[in-house]
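Step one of this worksheet: look at the structure below.
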Amino acid sequence: MSKSYFDDNNGHRSFELPGARPHYNPDRPGQVEHIFLDLTLDIPNQSYEGICTIRLNPVRDGIDRLSLDAVNLDIQAVKIGETHQTFDYDGEQVHVRLKQATLAGQPIELAIAYGVEKPQRGIYFIQPDQYYPTKPTQVWTQGEDEDSRFWFPCFDYPGQLATSEIRVRVPKSLIAVSNGELIQAEADGEYKIYHWHQKEVHPTYLMTLAVGDFAELRDEWNGKPVTYYIEKGKEQEARLSMGKTPQMIEFFSQKFGYPYPYPKYAQVCVDDFIFGGMENTSTTLLTDRCLLDERAALDNRGTESLVAHELAHQWFGDLVVIKHWSHAWLKEGMASYSEVMWTEHEYGAEDAAYYRLNEARNYLDEDASRYRRPIVTHVYREAIELYDRHLYEKGACVYHMIRAELGDALFLKAIATFVNDNAHKTVETIDLLRAIEKATGRNLLFLFDQYVFRGGHPDYKVAYSWDGDSNLAKLTVTQTQAPDNGNGSRNELFDLKVAIGFGYVKDEAEGRGQDAALSSQAQLKTFSVRIHDREQSFYFPLETKPDFISFDVGNPILKTVALEYAVPELKAQLQFDPDPISRIYAAEALAKKGGLEAVKALSTALRHEPFWGVRVEIATNLATIKLDQAIEGLVAGLEDSDARVRRATVEALAQIKTKDSYKALKPLAEAGDASYYVEAAAVRALGGIAASHLNDAPREEQVLNLLKSVLKERQGWNEVVRAGAIAALSQMKTSEAALDLILEYTAPGIPQALRLAAIRALGTISTGQPNVNLQRILDHLQELSRESFFLTQVSVSIALGQMETPKAIGILQSLAEQTPDGRVRRIAEEAVQRVQKNAGSDKAVKQLREELDQLKKANQELMSRLEHLEAKAK
């Protein structure tokens, strides 16, 4: 691994890969006022011809050259009025030499006649083929970040805002949907011409076109049409998946202090979409994989969150537009935080808190395992690299910290000020700071400096003790992310005010039943402290010893925290703290302590904790305690009424890999569950247990036969259950029969979601296969790497990145060099780094790991017996 791959930021990998450079918006020749695309599609031949007319108001006299972004287009002619202009074209930009230089304030209309054949990006033609004969015929576009240049000539950066029109000729059996209002739809023989007009200014990356044989469903909000376009036959799924959209429009109109700004809101579900969704102005495109059936809707809120996210962008991103990609957190962070706000509105404060915790964890995982970067940076290779968990999830957490700092009323006032002051304009991060100060008088630059303009977050270790003689509580807080060299680097320390709560359980509360309210059982005495050094101790005079301690009351701060409290305080916190995140931290700390007392506390809480999210975490943490009694406590979670808790319990039991966990899970895998996800988790678990090579593990043949039957018989929504079977096979790493079965499901014609799961599984199973099979896997992945579909390339990169042979590197490097997609390039290059690291782990290290696992198991058995004997003796 090259030294340049690390920065000096506490050993974290650098975001900036070789070739990264500073990016700035180009000089502006003038204001683009209007863009008009007049297109005729030739769908069978995946091509089209058209004229792109751009009205430009020059910023100054004397401009005699214009350079427009236009990649792999066939530029046929450039005219102003009736006068042909001279141009050069290098495949990436068209350079127009104006015959008459510009006059400031006198607009010119540039008409560019062009054609496109089999485009690689920007516009996508979806059609049935020999492998997928039922695939629909569709055409759709995807402009973010800088892909509009692949389907029409433009000044392709977000700092230019213009109105737009799209007039498109399509076969009359198809519908064409675009931004703004439909001003005409007229028959033209065997064709139909749709003419859409977007009257509000927006950037080129938000211009869109979607064509297909769609069913159209209609709702409305305040008299404005709210429409859903889906493949015919999926109308019921559309209502299940998107039916709350009008309520969401009302909710965000209120929250953002600005009514929904466009004449309609359309959501179009398209096949083979390369994102989850894209917030094109007034016309969001969504993957058709988001459409839920009734069984999936039992425990899948992901679609609802996706719908909320893309809708929130209509304000943050479309109405208020970022000036440069480096400030994309303003829109992506708020769209992600809008998922949290909608969850709070629809499902309550605890669900929202848990949602936010998982947003934080997604960012923390990327920071720990991938790289650390400031949220705002203009140094990168391609702008799409910025679209990561720092931008989305960390951005969402920063918005919540702003809310916690200001309070709800002032937060909403600041957001409304930001939106109203900047509607139909472009913004940078400083504009949000200015809006906050204008609306509230508060200067939050201290927060932005620590969380937005630099990387990282605080890692707190919190120790507590009680002095009964003086009635003093002592809290020692250490920022462990800073080096312990006596002073700590100021660049790595955070300076924040943190609320410390001391909890007192009311006398009448004798344990909590399933429906008891937490808030009525505990009272918090709260103090605010400033934590700014590496290690600080705080003393709090209290009348009596508290039952528990709540660090960062309400948990608004983006952080990690390790609690070093005694078991009684942790048990009381798990049972009585009103904040679910604090209860989760207590469960984690108890599990780390281990022992029978911790097992009993967690097992009791798994049965009686009222909030499903905390039960999920309790199940996960119980499985980490190496005692047989933990399994007994955990099995109760399989009967939980909430499918999400059952799923977490299954996944927890899967980690234990014993005869008992196999016995508990096998009936569930065979009989299934109301939830696809629970059933898939149970099926997946059996593969891992079968592969553990313990004397009491089930025979491989039994599990293989079950997995074969699942693959044959359990087709369902998005292939969730069958993908679980593929994941199970991938855990059986030494089985050639498992490998053969996985390879079978990588063939073209296999449903896309299942095929992609099988491709990824090749990487997992490769690490236990002999050389001859390893070569089979490599040859097959090399062949698959030549496919052009984005999601196939990603899956191939993920598979190769799990391998432990240097032979995977060449395939990854070739893929990185040849792919047209910046995301695939980055994923492949990071996979090279992982393979280099994996290949360095020799067999001796692997053997040591296996021996250590055996020792841990033997130790677990001894500890369980000892705890059992001690319990009997008591």
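Identifiers in this document derive from the order of the structure tokens: chains are assigned A, B, ..., residues are numbered from 1 separately in each chain, and ligands are numbered from 1 in order of occurrence.
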*Please provide the set of residues having any atom within 10 Å of Tyr262 in chain A, restricted to only C-alpha atoms, with same-chain residues fewer than 6 positions apart removed, written as a VMD selection string.*
chain A and resid 179 to 181 198 to 200 224 281 to 283 314 to 315 319
_Residue contacts of range 656-670 of chain A (10 Å, only C-alpha atoms) excluding same-chain residues fewer than 5 positions away, as an NGL selection string_ = :A and (623-626 or 628 or 630-632 or 634-635 or 638 or 649-651 or 678-698 or 703 or 706-707 or 709-710 or 721 or 725 or 857)
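Summary of the local environment: counting only C-alpha atoms, residues at most 9 Å from Asp577 in chain A, other than itself and those fewer than 2 positions away along its chain, are Gly503, Leu518, Ser519, Gln521, Ala522, Gln523, Leu524, Phe548, Ile549, Ser550, Ala572, Gln573, Leu574, Gln575, Asp579, Pro580, Ser582 and Arg583 of chain A.
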*Go through A:Gly407, A:Gly302, A:Gly801, A:Gly455 and flag the residue nearest Arg13 in chain A, using only C-alpha atoms for the distances.*
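Checking each of A:Gly407, A:Gly302, A:Gly801, A:Gly455 against Arg13 in chain A, counting only C-alpha atoms, the winner is A:Gly455.
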*asked:* as a list in words, please: the residues near Val567 in chain A (cut-off 8 Å, only C-alpha atoms, same-chain neighbours under 4 positions excluded).
replied: Lys571, Leu590 and Ala598 of chain A
Those same residues - N, CA and C atoms - I'd like them written as a PDB file, in the first residue's frame.
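To be explicit, this is the file written out as result_39.pdb:
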ATOM      1  N   LYS A 571     -27.330  -1.120  34.147  1.00  0.00           N
ATOM      2  CA  LYS A 571     -28.637  -1.789  34.163  1.00  0.00           C
ATOM      3  C   LYS A 571     -29.766  -0.772  34.313  1.00  0.00           C
ATOM      4  N   LEU A 590     -22.858  -3.027  28.697  1.00  0.00           N
ATOM      5  CA  LEU A 590     -23.115  -4.246  29.472  1.00  0.00           C
ATOM      6  C   LEU A 590     -22.563  -5.474  28.757  1.00  0.00           C
ATOM      7  N   ALA A 598     -24.863  -9.518  33.242  1.00  0.00           N
ATOM      8  CA  ALA A 598     -25.135  -8.780  32.005  1.00  0.00           C
ATOM      9  C   ALA A 598     -26.103  -9.556  31.114  1.00  0.00           C
TER      10      ALA A 598
END
